[in-house]
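Written below as structure tokens is the structure these notes are about.
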Amino acid sequence: MPQPPSAVSRDEPVIRDRGDACPGALRLHAADDGYLARVRIPGGALTARQGSLLALAADRFGDGHLELTSRGNVQVRGLAEGCGAGLARLLDSAGLLPAPGHERVRNIVATPASQDVLPWVRELDRLLCANARVTALSGRFLFAFDDGRGDVAALEPDITVLGRPGAGERALVRLGPAASGAVAVAAQDAPRAALLAAEYFLDAADAAGTRAWRVSELPPEHGLDEGEFGARLAAAGIEATREAAVDWPYCPPPQPWGRGAGPGPRGALCVLPPLGRLTTEQWRVLVRVAEHGDGLRITPWRTVILPGAPLGEPVDGPALLEAAGLVVSPDSPWLSVTACTGRPGCAKSLADVRADARALVERALGPLPVHWSGCERRCGHPRGTQWVDVVATQDGYRLSAHGQALSHQPYQTHQPYQQGLQDLADALTAAREIPSSPQSPKTQ
């Protein structure tokens, strides 16, 4: 996986002339293959029953597939016009739909392999849903609860809470992705501190008048200040201390494993659905295994962790998952392949990138990960530049590696198709072997 980028300040302030258009479960997005609903799952935590009802929603109202997002949420595609009320009732019965107005602000990621952060997630979700002020947050504003290992803290959240193993019952709260310092609070106060940080951002955004969606978009003169934040916490009765410099940890995201983490007949499994998309039949296999364990955790890396899953008789979780076409091996080539939606779901896409990625996944080998994009927007691409970029154009696919365009002409995949794929596979293999040069940018 690519290393996380270093957060950088913007040279020019971002001025928004509208609200964000992020979809939700109530605000549906019109895509080329029908409407799309994004179901926000705070901390990625689902019970087996909630998982079953999501599959029912995809079958009853959608195209029979579920998609995982880079924020640990789930999308249902191919929705028919006029299905919104029925979908909302079904999601509400699963406990997946809060009061209207708060549904899109529940963007909370959490260390997926940790149970310790879940109480923080649940409490912040409760506080968000009870607070009218935060409904002004954009659907892109992101909270993160990290248990101290540094996995979700590397996702450039707007508000990060970092546990401090071995440092007592304290937690660090970071304001924005670029902050080197933080404010330390009692662990029990962390969710309320995160809420107050979001309110502080909204006050700063109002004062700036730029309609910023993210902390990083605030102009420098209206940036969030740890001293001011500490004063706000004190006024709310929360004891806080400022830490001017913090050595923020980084931990790579979890990779698929099928052996189970822990001794005995049960253990955590990490499962990768290829390209983050599952049929409802595959999803129900996940749910079946989760029913014998402790639910599901959707990760921001489009994987699913099944805590306490069965590893043998009477239910062999790894065997069931592999038989369903899901990846539980750390050696699978699917670990280093991602793609946007592409055709036919996206009107802007110039190619069916998922189909081409599937055709080449075992033919284009090399150490660098590959991201397939159907157009120049390159939706869903990895952070950093340590990857190969495959972008569809009107003339074929254009390749770049380490953020640097390669010199060849676009690769055709249609005349003749199989030969075009083989040419592209050969070019991809060569590109994935290109070492990073000292001049190559490390971040983007």
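Naming works like this for the structure tokens: A, B, ... for the chains as they're shown, residue 1 at the start of each chain, ligands 1 onward in shown order.
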DSSP on the backbone: what in region 326-418 of chain A comes out strand (DSSP E), as a PyMOL selection string? chain A and resi 337-339+370-373+388-393+396-401+404-405
Store the residues picked out above, limited to N, CA and C atoms, as a tab-separated table (two decimals), in the first residue's frame.
```tsv
chain	number	residue	atom	x	y	z
A	337	VAL	N	-4.77	-3.72	-6.36
A	337	VAL	CA	-5.54	-3.22	-7.50
A	337	VAL	C	-6.79	-2.53	-6.99
A	338	THR	N	-6.98	-1.28	-7.39
A	338	THR	CA	-8.19	-0.53	-7.07
A	338	THR	C	-8.72	0.11	-8.34
A	339	ALA	N	-9.98	0.54	-8.31
A	339	ALA	CA	-10.59	1.13	-9.50
A	339	ALA	C	-11.74	2.02	-9.09
A	370	VAL	N	-1.80	-0.57	-8.37
A	370	VAL	CA	-2.34	0.03	-9.59
A	370	VAL	C	-3.74	0.55	-9.31
A	371	HIS	N	-4.02	1.78	-9.78
A	371	HIS	CA	-5.39	2.29	-9.71
A	371	HIS	C	-5.89	2.61	-11.10
A	372	TRP	N	-7.09	2.09	-11.42
A	372	TRP	CA	-7.72	2.28	-12.71
A	372	TRP	C	-8.76	3.39	-12.61
A	373	SER	N	-8.69	4.36	-13.51
A	373	SER	CA	-9.62	5.49	-13.52
A	373	SER	C	-10.29	5.59	-14.88
A	388	VAL	N	0.89	2.99	-9.63
A	388	VAL	CA	0.74	3.19	-11.08
A	388	VAL	C	-0.67	3.70	-11.36
A	389	ASP	N	-0.74	4.74	-12.15
A	389	ASP	CA	-2.00	5.39	-12.50
A	389	ASP	C	-2.39	4.97	-13.92
A	390	VAL	N	-3.56	4.34	-14.07
A	390	VAL	CA	-4.07	3.92	-15.37
A	390	VAL	C	-5.34	4.73	-15.64
A	391	VAL	N	-5.28	5.64	-16.57
A	391	VAL	CA	-6.39	6.56	-16.82
A	391	VAL	C	-6.93	6.35	-18.23
A	392	ALA	N	-8.24	6.15	-18.31
A	392	ALA	CA	-8.88	5.98	-19.62
A	392	ALA	C	-9.00	7.33	-20.32
A	393	THR	N	-8.66	7.34	-21.61
A	393	THR	CA	-8.85	8.52	-22.45
A	393	THR	C	-9.68	8.12	-23.65
A	396	GLY	N	-7.57	5.42	-25.49
A	396	GLY	CA	-7.05	4.25	-24.81
A	396	GLY	C	-6.59	4.62	-23.41
A	397	TYR	N	-5.79	3.77	-22.79
A	397	TYR	CA	-5.33	4.00	-21.42
A	397	TYR	C	-3.97	4.70	-21.42
A	398	ARG	N	-3.85	5.71	-20.56
A	398	ARG	CA	-2.58	6.40	-20.35
A	398	ARG	C	-2.01	5.97	-18.99
A	399	LEU	N	-0.71	5.71	-18.93
A	399	LEU	CA	-0.08	5.22	-17.71
A	399	LEU	C	0.88	6.25	-17.13
A	400	SER	N	0.98	6.27	-15.81
A	400	SER	CA	2.02	7.03	-15.13
A	400	SER	C	2.42	6.24	-13.89
A	401	ALA	N	3.63	6.50	-13.41
A	401	ALA	CA	4.14	5.82	-12.22
A	401	ALA	C	4.85	6.84	-11.34
A	404	GLN	N	4.61	10.47	-12.22
A	404	GLN	CA	5.24	10.97	-13.43
A	404	GLN	C	4.67	10.24	-14.65
A	405	ALA	N	4.22	11.01	-15.64
A	405	ALA	CA	3.65	10.41	-16.86
A	405	ALA	C	4.73	9.63	-17.61
```
I want to know what sits within 8 Å of region 46-54 of chain A, based on only C-alpha atoms, with residues of the same chain fewer than 4 positions away left out; could you give that as a ChimeraX atom specification? /A:41,58,90-91,94-96,283-284,287-288,290-291,294-298
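Minimum distance to Leu278 (chain A) across A:Pro300, A:Pro100, A:Gly325, A:Gly230 (counting only C-alpha atoms) occurs at A:Gly325.
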Rounded to one decimal in Å, what is the spacing between CA of Ala184 (chain A) and CA of Ala171 (chain A)?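 Separating CA of Ala184 (chain A) from CA of Ala171 (chain A) is a distance of 5.5 Å.
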Could you list, as an MDAnalysis selection string, every residue within 12 Å of Pro273 (chain A), counting only C-alpha atoms and ignoring same-chain residues fewer than 2 positions away? chainID A and resid 65:69 255:256 270:271 275:280 282:283 285:286 298:299 301:305 321:322 324:329 332 334:335 337:338
If we count only C-alpha atoms, what is near region 231-242 of chain A at a cut-off of 12 Å, once residues fewer than 3 positions away on the same chain are taken out, given as number ranges by chain? A: 170-175, 180-201, 203, 224-228, 245-246
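Ranking A:Arg18, A:Arg40, A:His29, A:Arg122 by their shortest atom-to-atom distance to Gly78 (chain A), with only C-alpha atoms included, puts A:His29 first.
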Write out as a PDB file with C-alpha atoms, in the first residue's frame which residues come within 7 Å of Arg149 (chain A) when counting only C-alpha atoms, dropping same-chain ones fewer than 5 positions away.
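Once written, result17.pdb looks like this:
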```pdb
ATOM      1  CA  PRO A 249       2.610   7.235  14.519  1.00  0.00           C
ATOM      2  CA  TYR A 250       1.869   5.486  11.254  1.00  0.00           C
ATOM      3  CA  CYS A 251       0.683   1.907  10.859  1.00  0.00           C
TER       4      CYS A 251
END
```
Write out as a PDB file with C-alpha atoms, in the first residue's frame all residues of region 86-230 of chain A that DSSP puts in helix (DSSP H, G or I) for this structure's backbone.
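Contents of selection33.pdb, as written:
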```pdb
ATOM      1  CA  GLY A  86     -39.064   2.374   1.206  1.00  0.00           C
ATOM      2  CA  LEU A  87     -35.282   2.333   1.481  1.00  0.00           C
ATOM      3  CA  ALA A  88     -35.408   4.768   4.402  1.00  0.00           C
ATOM      4  CA  ARG A  89     -37.933   2.607   6.270  1.00  0.00           C
ATOM      5  CA  LEU A  90     -35.800  -0.500   5.828  1.00  0.00           C
ATOM      6  CA  LEU A  91     -32.608   1.261   6.952  1.00  0.00           C
ATOM      7  CA  ASP A  92     -34.415   2.806   9.900  1.00  0.00           C
ATOM      8  CA  SER A  93     -35.601  -0.637  11.021  1.00  0.00           C
ATOM      9  CA  GLU A 103     -27.509  11.451   8.400  1.00  0.00           C
ATOM     10  CA  ARG A 104     -24.608  12.826   6.291  1.00  0.00           C
ATOM     11  CA  VAL A 105     -22.503  14.185   9.195  1.00  0.00           C
ATOM     12  CA  LEU A 118     -15.945   1.722  19.707  1.00  0.00           C
ATOM     13  CA  PRO A 119     -17.291   3.384  22.887  1.00  0.00           C
ATOM     14  CA  TRP A 120     -15.792   6.663  21.620  1.00  0.00           C
ATOM     15  CA  VAL A 121     -17.458   6.144  18.227  1.00  0.00           C
ATOM     16  CA  ARG A 122     -20.877   5.433  19.735  1.00  0.00           C
ATOM     17  CA  GLU A 123     -20.726   8.409  22.076  1.00  0.00           C
ATOM     18  CA  LEU A 124     -19.674  10.864  19.365  1.00  0.00           C
ATOM     19  CA  ASP A 125     -22.419   9.535  17.098  1.00  0.00           C
ATOM     20  CA  ARG A 126     -24.945  10.094  19.890  1.00  0.00           C
ATOM     21  CA  LEU A 127     -23.650  13.624  20.464  1.00  0.00           C
ATOM     22  CA  LEU A 128     -23.699  14.475  16.757  1.00  0.00           C
ATOM     23  CA  CYS A 129     -27.262  13.264  16.312  1.00  0.00           C
ATOM     24  CA  ARG A 133     -25.383  23.005  15.032  1.00  0.00           C
ATOM     25  CA  VAL A 134     -23.377  20.209  13.376  1.00  0.00           C
ATOM     26  CA  THR A 135     -25.945  19.716  10.631  1.00  0.00           C
ATOM     27  CA  ALA A 136     -24.030  22.548   8.919  1.00  0.00           C
ATOM     28  CA  VAL A 152      -6.809   5.923  10.587  1.00  0.00           C
ATOM     29  CA  ALA A 153      -4.861   8.970  11.829  1.00  0.00           C
ATOM     30  CA  ALA A 154      -3.034   8.760   8.472  1.00  0.00           C
ATOM     31  CA  LEU A 155      -6.254   9.306   6.481  1.00  0.00           C
ATOM     32  CA  ALA A 187     -10.047   9.676  27.514  1.00  0.00           C
ATOM     33  CA  GLN A 188     -13.603   9.858  28.801  1.00  0.00           C
ATOM     34  CA  ASP A 189     -13.866  13.420  27.457  1.00  0.00           C
ATOM     35  CA  ALA A 190     -12.572  12.577  23.965  1.00  0.00           C
ATOM     36  CA  PRO A 191     -15.956  12.312  22.166  1.00  0.00           C
ATOM     37  CA  ARG A 192     -17.215  15.601  23.616  1.00  0.00           C
ATOM     38  CA  ALA A 193     -13.899  17.259  22.744  1.00  0.00           C
ATOM     39  CA  ALA A 194     -14.273  16.037  19.144  1.00  0.00           C
ATOM     40  CA  LEU A 195     -17.762  17.555  18.981  1.00  0.00           C
ATOM     41  CA  LEU A 196     -16.496  20.889  20.355  1.00  0.00           C
ATOM     42  CA  ALA A 197     -13.706  20.809  17.765  1.00  0.00           C
ATOM     43  CA  ALA A 198     -16.303  20.473  15.005  1.00  0.00           C
ATOM     44  CA  GLU A 199     -18.254  23.421  16.417  1.00  0.00           C
ATOM     45  CA  TYR A 200     -15.003  25.422  16.538  1.00  0.00           C
ATOM     46  CA  PHE A 201     -14.449  24.627  12.854  1.00  0.00           C
ATOM     47  CA  LEU A 202     -17.969  25.802  11.978  1.00  0.00           C
ATOM     48  CA  ASP A 203     -17.406  29.083  13.844  1.00  0.00           C
ATOM     49  CA  ALA A 204     -14.107  29.576  11.990  1.00  0.00           C
ATOM     50  CA  ALA A 205     -15.727  28.768   8.646  1.00  0.00           C
ATOM     51  CA  ASP A 206     -18.517  31.262   9.331  1.00  0.00           C
ATOM     52  CA  ALA A 207     -15.966  33.941  10.254  1.00  0.00           C
ATOM     53  CA  ALA A 208     -13.939  33.246   7.099  1.00  0.00           C
ATOM     54  CA  VAL A 215     -10.376  22.137   8.108  1.00  0.00           C
ATOM     55  CA  SER A 216      -7.602  22.251   5.483  1.00  0.00           C
ATOM     56  CA  GLU A 217      -9.709  24.650   3.404  1.00  0.00           C
ATOM     57  CA  PRO A 220      -4.572  30.779   7.351  1.00  0.00           C
ATOM     58  CA  GLU A 221      -5.926  33.766   9.253  1.00  0.00           C
ATOM     59  CA  HIS A 222      -8.930  31.671  10.296  1.00  0.00           C
ATOM     60  CA  GLU A 226      -4.795  24.755  19.781  1.00  0.00           C
ATOM     61  CA  GLY A 227      -4.695  27.497  22.389  1.00  0.00           C
ATOM     62  CA  GLU A 228      -8.134  28.775  21.465  1.00  0.00           C
ATOM     63  CA  PHE A 229      -9.426  25.214  21.364  1.00  0.00           C
ATOM     64  CA  GLY A 230      -8.051  24.579  24.843  1.00  0.00           C
TER      65      GLY A 230
END
```
Pairwise distance, CA of Asp151 (chain A) with CA of Ser436 (chain A), equals 23.7 Å
How many Å lie between CA of Leu311 (chain A) and CA of Asn73 (chain A), rounded to one decimal? 26.2 Å
Which of these residues is nearest to Ala80 (chain A), using only C-alpha atoms: A:Ala45, A:Ile108, A:Leu365, A:Ala31?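 When distances to Ala80 (chain A) are compared using only C-alpha atoms, the smallest one comes from A:Ala31.
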So that I can see what lies close to Thr111 (chain A), please list as a ChimeraX atom specification the residues with an atom at most 8 Å from it, counting only C-alpha atoms and leaving out residues fewer than 2 positions away in the same chain. /A:43,109,113-114,117,145-147,151-152
With N, CA and C atoms retained, export the selected residues as a short mmCIF file (atom, residue, chain, number, x, y, z; two decimals), in the first residue's frame.
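Written output follows (part13.cif):
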```cif
data_model
loop_
_atom_site.label_atom_id
_atom_site.label_comp_id
_atom_site.auth_asym_id
_atom_site.auth_seq_id
_atom_site.Cartn_x
_atom_site.Cartn_y
_atom_site.Cartn_z
N GLY A 43 -17.65 4.30 12.51
CA GLY A 43 -16.65 3.33 12.92
C GLY A 43 -16.66 2.05 12.11
N VAL A 109 -14.42 7.38 11.12
CA VAL A 109 -13.62 6.18 10.92
C VAL A 109 -12.93 5.84 12.23
N ALA A 113 -9.28 -2.85 13.83
CA ALA A 113 -8.89 -4.03 14.58
C ALA A 113 -8.99 -3.83 16.09
N SER A 114 -9.52 -2.68 16.51
CA SER A 114 -9.60 -2.36 17.93
C SER A 114 -11.04 -2.30 18.40
N VAL A 117 -11.89 1.51 20.74
CA VAL A 117 -12.33 2.81 20.25
C VAL A 117 -13.84 2.86 20.02
N PHE A 145 -11.07 8.07 15.11
CA PHE A 145 -10.67 7.59 16.43
C PHE A 145 -9.63 6.50 16.21
N ASP A 146 -8.41 6.79 16.62
CA ASP A 146 -7.26 5.90 16.42
C ASP A 146 -6.83 5.38 17.78
N ASP A 147 -6.61 4.08 17.89
CA ASP A 147 -6.26 3.51 19.20
C ASP A 147 -4.81 3.74 19.59
N ASP A 151 -3.20 4.09 12.22
CA ASP A 151 -3.75 3.68 10.92
C ASP A 151 -4.75 4.70 10.37
N VAL A 152 -5.83 4.97 11.11
CA VAL A 152 -6.81 5.92 10.59
C VAL A 152 -6.36 7.37 10.78
#
```
Find, counting only C-alpha atoms, the residue in A:Pro369, A:Pro42, A:Pro157, A:Gly176 that gets nearest to Ser336 (chain A).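 Of A:Pro369, A:Pro42, A:Pro157, A:Gly176, the one nearest Ser336 (chain A) is A:Pro369, counting only C-alpha atoms.
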Within 10 Å of Ala430 (chain A), counting only C-alpha atoms, which residues show up once you throw out same-chain ones fewer than 4 positions away? Write them as JSON, numbers by chain, please. {"A": [364, 365, 366, 424, 425, 426, 434]}
Selection file, C-alpha atoms, as a compact mmCIF listing (two decimals), in the first residue's frame:
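File part-v9.txt, as written:
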```
# COMPACT_ATOMS: atom_id res chain seq x y z
CA ALA A 364 0.18 -7.38 -14.85
CA LEU A 365 2.42 -8.18 -11.89
CA GLY A 366 4.89 -6.02 -9.99
CA LEU A 424 -1.45 -3.06 -21.67
CA ALA A 425 -0.55 -5.92 -19.32
CA ASP A 426 3.06 -5.82 -20.52
CA ILE A 434 9.93 1.35 -12.09
```
